[in-house]
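S.K.: If it helps, the file is called work13.txt and holds compact mmCIF, N, CA and C atoms:
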```txt
# COMPACT_ATOMS: atom_id res chain seq x y z
N MET A 37 0.84 -1.18 0.00
CA MET A 37 0.00 0.00 0.00
C MET A 37 0.89 1.24 0.00
N ALA A 38 0.70 2.09 -0.95
CA ALA A 38 1.53 3.30 -1.08
C ALA A 38 0.98 4.41 -0.21
N ARG A 39 1.92 5.19 0.35
CA ARG A 39 1.51 6.31 1.18
C ARG A 39 1.43 7.58 0.34
N ASP A 40 0.51 8.41 0.72
CA ASP A 40 0.36 9.69 0.07
C ASP A 40 1.39 10.66 0.69
N PRO A 41 2.30 11.23 -0.09
CA PRO A 41 3.34 12.09 0.50
C PRO A 41 2.79 13.35 1.13
N SER A 42 1.64 13.81 0.70
CA SER A 42 1.08 15.04 1.28
C SER A 42 0.44 14.78 2.64
N SER A 43 0.13 13.52 2.99
CA SER A 43 -0.53 13.26 4.26
C SER A 43 0.47 13.04 5.40
N SER A 44 1.77 12.97 5.11
CA SER A 44 2.78 12.75 6.15
C SER A 44 3.01 14.05 6.93
N PRO A 45 2.80 14.02 8.25
CA PRO A 45 2.98 15.25 9.03
C PRO A 45 4.45 15.59 9.24
N ILE A 46 5.35 14.62 9.11
CA ILE A 46 6.77 14.86 9.34
C ILE A 46 7.47 15.00 8.00
N GLU A 47 8.13 16.12 7.80
CA GLU A 47 8.87 16.33 6.57
C GLU A 47 10.31 15.89 6.80
N ASN A 48 10.89 15.28 5.78
CA ASN A 48 12.29 14.87 5.89
C ASN A 48 13.19 16.09 5.80
N ALA A 49 14.20 16.10 6.64
CA ALA A 49 15.16 17.20 6.61
C ALA A 49 16.08 17.03 5.41
N SER A 50 16.43 18.13 4.82
CA SER A 50 17.31 18.06 3.65
C SER A 50 18.76 17.93 4.11
N TRP A 51 19.62 17.55 3.17
CA TRP A 51 21.05 17.44 3.49
C TRP A 51 21.63 18.79 3.86
N ARG A 52 21.13 19.83 3.26
CA ARG A 52 21.64 21.17 3.55
C ARG A 52 21.41 21.54 5.01
N GLU A 53 20.23 21.25 5.52
CA GLU A 53 19.93 21.54 6.92
C GLU A 53 20.77 20.68 7.86
N THR A 54 20.96 19.43 7.49
CA THR A 54 21.76 18.53 8.32
C THR A 54 23.20 18.99 8.37
N LEU A 55 23.78 19.35 7.23
CA LEU A 55 25.15 19.82 7.20
C LEU A 55 25.31 21.16 7.93
N LEU A 56 24.28 21.99 7.87
CA LEU A 56 24.32 23.26 8.59
C LEU A 56 24.35 23.02 10.10
N ILE A 57 23.56 22.09 10.58
CA ILE A 57 23.57 21.76 12.00
C ILE A 57 24.93 21.20 12.42
N ILE A 58 25.49 20.32 11.60
CA ILE A 58 26.81 19.76 11.91
C ILE A 58 27.86 20.87 11.94
N TRP A 59 27.81 21.80 10.99
CA TRP A 59 28.76 22.90 10.93
C TRP A 59 28.65 23.78 12.17
N ILE A 60 27.44 24.08 12.63
CA ILE A 60 27.25 24.91 13.82
C ILE A 60 27.80 24.21 15.05
N VAL A 61 27.58 22.91 15.16
CA VAL A 61 28.10 22.15 16.30
C VAL A 61 29.62 22.16 16.29
N PHE A 62 30.24 21.97 15.13
CA PHE A 62 31.70 21.98 15.05
C PHE A 62 32.26 23.36 15.37
N GLN A 63 31.60 24.41 14.95
CA GLN A 63 32.05 25.76 15.29
C GLN A 63 31.97 25.99 16.79
N THR A 64 30.93 25.48 17.42
CA THR A 64 30.77 25.66 18.85
C THR A 64 31.83 24.90 19.62
N LEU A 65 32.16 23.71 19.17
CA LEU A 65 33.11 22.87 19.89
C LEU A 65 34.56 23.09 19.49
N ALA A 66 34.83 23.94 18.52
CA ALA A 66 36.20 24.12 18.03
C ALA A 66 37.12 24.66 19.12
N GLY A 67 36.69 25.66 19.85
CA GLY A 67 37.53 26.25 20.90
C GLY A 67 37.92 25.26 21.99
N PRO A 68 36.95 24.60 22.62
CA PRO A 68 37.32 23.61 23.65
C PRO A 68 38.14 22.45 23.10
N LEU A 69 37.86 22.00 21.87
CA LEU A 69 38.64 20.90 21.30
C LEU A 69 40.08 21.33 21.05
N LEU A 70 40.30 22.54 20.55
CA LEU A 70 41.66 23.02 20.34
C LEU A 70 42.40 23.16 21.67
N PHE A 71 41.70 23.64 22.69
CA PHE A 71 42.32 23.77 24.02
C PHE A 71 42.73 22.40 24.56
N MET A 72 41.85 21.40 24.42
CA MET A 72 42.18 20.06 24.91
C MET A 72 43.33 19.44 24.12
N MET A 73 43.32 19.62 22.79
CA MET A 73 44.41 19.07 21.99
C MET A 73 45.73 19.76 22.32
N GLY A 74 45.71 21.05 22.58
CA GLY A 74 46.91 21.77 22.97
C GLY A 74 47.44 21.29 24.31
N THR A 75 46.53 21.03 25.25
CA THR A 75 46.95 20.52 26.56
C THR A 75 47.58 19.14 26.43
N VAL A 76 46.97 18.27 25.66
CA VAL A 76 47.54 16.93 25.46
C VAL A 76 48.89 17.03 24.74
N GLY A 77 48.99 17.93 23.77
CA GLY A 77 50.25 18.13 23.07
C GLY A 77 51.36 18.61 23.99
N LEU A 78 51.05 19.59 24.86
CA LEU A 78 52.05 20.06 25.83
C LEU A 78 52.46 18.96 26.80
N LEU A 79 51.51 18.17 27.25
CA LEU A 79 51.83 17.08 28.17
C LEU A 79 52.72 16.04 27.49
N THR A 80 52.41 15.70 26.24
CA THR A 80 53.23 14.75 25.49
C THR A 80 54.63 15.30 25.27
N TRP A 81 54.70 16.58 24.89
CA TRP A 81 55.99 17.23 24.69
C TRP A 81 56.81 17.22 25.98
N PHE A 82 56.16 17.48 27.11
CA PHE A 82 56.84 17.50 28.40
C PHE A 82 57.40 16.13 28.73
N VAL A 83 56.62 15.08 28.55
CA VAL A 83 57.08 13.72 28.87
C VAL A 83 58.24 13.32 27.95
N LEU A 84 58.12 13.58 26.66
CA LEU A 84 59.21 13.25 25.74
C LEU A 84 60.46 14.06 26.04
N ALA A 85 60.30 15.32 26.43
CA ALA A 85 61.46 16.14 26.78
C ALA A 85 62.13 15.63 28.05
N LEU A 86 61.36 15.12 28.99
CA LEU A 86 61.95 14.56 30.21
C LEU A 86 62.80 13.34 29.88
N PHE A 87 62.37 12.53 28.92
CA PHE A 87 63.14 11.34 28.55
C PHE A 87 64.41 11.70 27.79
N SER A 88 64.39 12.77 27.00
CA SER A 88 65.56 13.10 26.19
C SER A 88 66.54 14.00 26.95
N ASN A 89 66.04 15.12 27.47
CA ASN A 89 66.88 16.06 28.18
C ASN A 89 66.01 16.82 29.17
N VAL A 90 66.42 16.82 30.41
CA VAL A 90 65.59 17.43 31.46
C VAL A 90 65.41 18.92 31.23
N TRP A 91 66.42 19.59 30.71
CA TRP A 91 66.33 21.02 30.50
C TRP A 91 65.34 21.38 29.39
N LEU A 92 65.12 20.48 28.46
CA LEU A 92 64.13 20.74 27.41
C LEU A 92 62.70 20.72 27.96
N ALA A 93 62.50 20.12 29.12
CA ALA A 93 61.17 20.07 29.71
C ALA A 93 60.71 21.44 30.19
N LEU A 94 61.65 22.39 30.31
CA LEU A 94 61.26 23.74 30.75
C LEU A 94 60.48 24.49 29.67
N ILE A 95 60.68 24.13 28.41
CA ILE A 95 59.98 24.83 27.32
C ILE A 95 58.47 24.62 27.39
N PRO A 96 57.97 23.36 27.45
CA PRO A 96 56.51 23.21 27.57
C PRO A 96 55.97 23.72 28.89
N LEU A 97 56.78 23.65 29.96
CA LEU A 97 56.32 24.21 31.23
C LEU A 97 56.16 25.73 31.14
N ALA A 98 57.11 26.39 30.46
CA ALA A 98 57.01 27.84 30.28
C ALA A 98 55.80 28.20 29.42
N LEU A 99 55.56 27.45 28.36
CA LEU A 99 54.39 27.71 27.51
C LEU A 99 53.09 27.53 28.29
N GLY A 100 53.01 26.44 29.06
CA GLY A 100 51.81 26.21 29.87
C GLY A 100 51.60 27.30 30.91
N GLY A 101 52.68 27.74 31.55
CA GLY A 101 52.58 28.83 32.51
C GLY A 101 52.16 30.13 31.86
N GLY A 102 52.66 30.37 30.64
CA GLY A 102 52.25 31.58 29.93
C GLY A 102 50.77 31.56 29.57
N VAL A 103 50.26 30.41 29.18
CA VAL A 103 48.83 30.30 28.86
C VAL A 103 47.98 30.52 30.11
N ILE A 104 48.41 29.93 31.22
CA ILE A 104 47.66 30.12 32.48
C ILE A 104 47.68 31.59 32.89
N THR A 105 48.85 32.25 32.78
CA THR A 105 48.95 33.67 33.11
C THR A 105 48.04 34.51 32.21
N TRP A 106 48.00 34.17 30.92
CA TRP A 106 47.15 34.91 29.99
C TRP A 106 45.68 34.79 30.40
N PHE A 107 45.24 33.56 30.76
CA PHE A 107 43.85 33.37 31.18
C PHE A 107 43.54 34.14 32.46
N VAL A 108 44.47 34.16 33.41
CA VAL A 108 44.24 34.88 34.67
C VAL A 108 44.11 36.37 34.40
N ARG A 109 44.99 36.92 33.58
CA ARG A 109 44.92 38.36 33.28
C ARG A 109 43.64 38.69 32.52
N LYS A 110 43.24 37.83 31.62
CA LYS A 110 42.01 38.06 30.86
C LYS A 110 40.80 38.07 31.81
N ASP A 111 40.76 37.14 32.75
CA ASP A 111 39.65 37.10 33.71
C ASP A 111 39.66 38.31 34.62
N ARG A 112 40.84 38.75 35.05
CA ARG A 112 40.91 39.94 35.91
C ARG A 112 40.42 41.18 35.19
N ARG A 113 40.76 41.31 33.89
CA ARG A 113 40.28 42.45 33.11
C ARG A 113 38.76 42.39 32.97
N ALA A 114 38.22 41.20 32.75
CA ALA A 114 36.77 41.07 32.61
C ALA A 114 36.06 41.40 33.93
N ILE A 115 36.65 40.97 35.05
CA ILE A 115 36.06 41.29 36.36
C ILE A 115 36.09 42.78 36.60
N ALA A 116 37.23 43.45 36.30
CA ALA A 116 37.33 44.90 36.49
C ALA A 116 36.32 45.63 35.62
N LYS A 117 36.11 45.16 34.41
CA LYS A 117 35.14 45.80 33.51
C LYS A 117 33.72 45.65 34.06
N LEU A 118 33.38 44.45 34.53
CA LEU A 118 32.04 44.24 35.08
C LEU A 118 31.81 45.06 36.34
N GLU A 119 32.83 45.15 37.20
CA GLU A 119 32.68 45.96 38.41
C GLU A 119 32.54 47.44 38.06
N ALA A 120 33.28 47.90 37.05
CA ALA A 120 33.17 49.30 36.63
C ALA A 120 31.78 49.58 36.07
N GLU A 121 31.23 48.66 35.29
CA GLU A 121 29.87 48.85 34.78
C GLU A 121 28.85 48.85 35.91
N ARG A 122 29.05 47.96 36.87
CA ARG A 122 28.12 47.88 37.99
C ARG A 122 28.16 49.15 38.83
N ASP A 123 29.36 49.70 39.03
CA ASP A 123 29.51 50.86 39.90
C ASP A 123 29.31 52.17 39.17
N GLY A 124 29.12 52.14 37.87
CA GLY A 124 28.86 53.35 37.10
C GLY A 124 30.11 54.12 36.75
N ARG A 125 31.27 53.50 36.82
CA ARG A 125 32.51 54.18 36.45
C ARG A 125 32.68 54.12 34.94
N THR A 126 33.50 55.01 34.42
CA THR A 126 33.67 55.06 32.98
C THR A 126 34.69 54.05 32.48
N GLY A 127 35.59 53.59 33.30
CA GLY A 127 36.59 52.64 32.84
C GLY A 127 37.18 51.86 33.99
N PRO A 128 37.93 50.82 33.70
CA PRO A 128 38.50 50.01 34.78
C PRO A 128 39.60 50.73 35.54
N ARG A 129 40.19 51.81 34.99
CA ARG A 129 41.27 52.53 35.67
C ARG A 129 40.72 53.50 36.72
N ALA A 130 39.45 53.75 36.74
CA ALA A 130 38.85 54.69 37.69
C ALA A 130 38.49 53.97 38.98
N SER A 131 39.46 53.29 39.57
CA SER A 131 39.15 52.47 40.75
C SER A 131 38.92 53.33 41.98
N GLY A 132 39.39 54.58 41.99
CA GLY A 132 39.20 55.43 43.16
C GLY A 132 37.89 56.20 43.12
N ALA A 133 37.10 56.01 42.10
CA ALA A 133 35.85 56.76 41.98
C ALA A 133 34.84 56.25 43.00
N PRO A 134 34.06 57.16 43.56
CA PRO A 134 33.06 56.73 44.54
C PRO A 134 31.95 55.92 43.88
N ARG A 135 31.35 55.07 44.65
CA ARG A 135 30.24 54.26 44.13
C ARG A 135 28.99 55.10 44.05
N ARG A 136 28.10 54.65 43.18
CA ARG A 136 26.80 55.32 43.08
C ARG A 136 26.01 55.02 44.34
N PRO A 137 25.15 55.91 44.72
CA PRO A 137 24.30 55.65 45.91
C PRO A 137 23.39 54.44 45.66
N GLY A 138 23.25 53.64 46.66
CA GLY A 138 22.36 52.49 46.58
C GLY A 138 23.06 51.22 46.15
N LEU A 139 24.34 51.25 45.86
CA LEU A 139 25.05 50.05 45.45
C LEU A 139 26.02 49.62 46.52
```
Just give me the structure as C-alpha cells.

M.R.:
Amino acid sequence: MARDPSSSPIENASWRETLLIIWIVFQTLAGPLLFMMGTVGLLTWFVLALFSNVWLALIPLALGGGVITWFVRKDRRAIAKLEAERDGRTGPRASGAPRRPGL
C-alpha cells in the first residue's frame, strides 16, 4: 500500500539543513577541542622532553605557565570591567571613583 506524500505530518530534513547543524556544532566545539588538543600536546611534549633532556622540559612548562597567566589576566580584566559597569565608572582605571548611591 503506497503512502500519500502530502498526508505525512513529518517532513524529511534536507542534506543542507543537516550539514548546517553539523557545521554549527563543530564551530561551537572548536575552541574547547583546540584547548584540549593543545593541553595533550604540551603534556606529550613534556614527557618526551623529560626522557631526552631534562632542560628541554622547561619549554613546555614555560608555555603552559604563559597560557595560564594569559587566562588569569584576561579574567581579571573582565572582572574589572564588570565591576566598573556595575559601579557606574567610565573605565576600569577609575578604581578610586566613589560608588553610586544604593550600590

S.K.: Can you work out the spacing between CA of Arg112 (chain A) and CA of Gly124 (chain A) in Å, to one decimal?

M.R.: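 Separation of CA of Arg112 (chain A) and CA of Gly124 (chain A): 18.1 Å.
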
S.K.: Would you mind reading off the distance between atom C of Thr54 (chain A) and atom N of Gly67 (chain A), one decimal, in Å?

M.R.: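 Between atom C of Thr54 (chain A) and atom N of Gly67 (chain A) the gap works out to 18.9 Å.
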
S.K.: What does the distance between atom C of Thr80 (chain A) and atom N of Pro96 (chain A) come to in Å, to one decimal place?

M.R.: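 About the pair atom C of Thr80 (chain A) and atom N of Pro96 (chain A): they are 9.0 Å apart.
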
S.K.: Which residues of region 98-117 of chain A come within 8 Å of region 81-94 of chain A, and what is each one's closest atom pair and distance in Å (one decimal), counting only N, CA and C atoms, sorted by chain and residue number, as CSV?

M.R.:
```
residue,atom,partner,partner_atom,distance
A:Ala98,N,A:Leu94,C,3.9
A:Leu99,N,A:Leu94,C,5.9
A:Gly100,N,A:Leu94,C,7.7
```
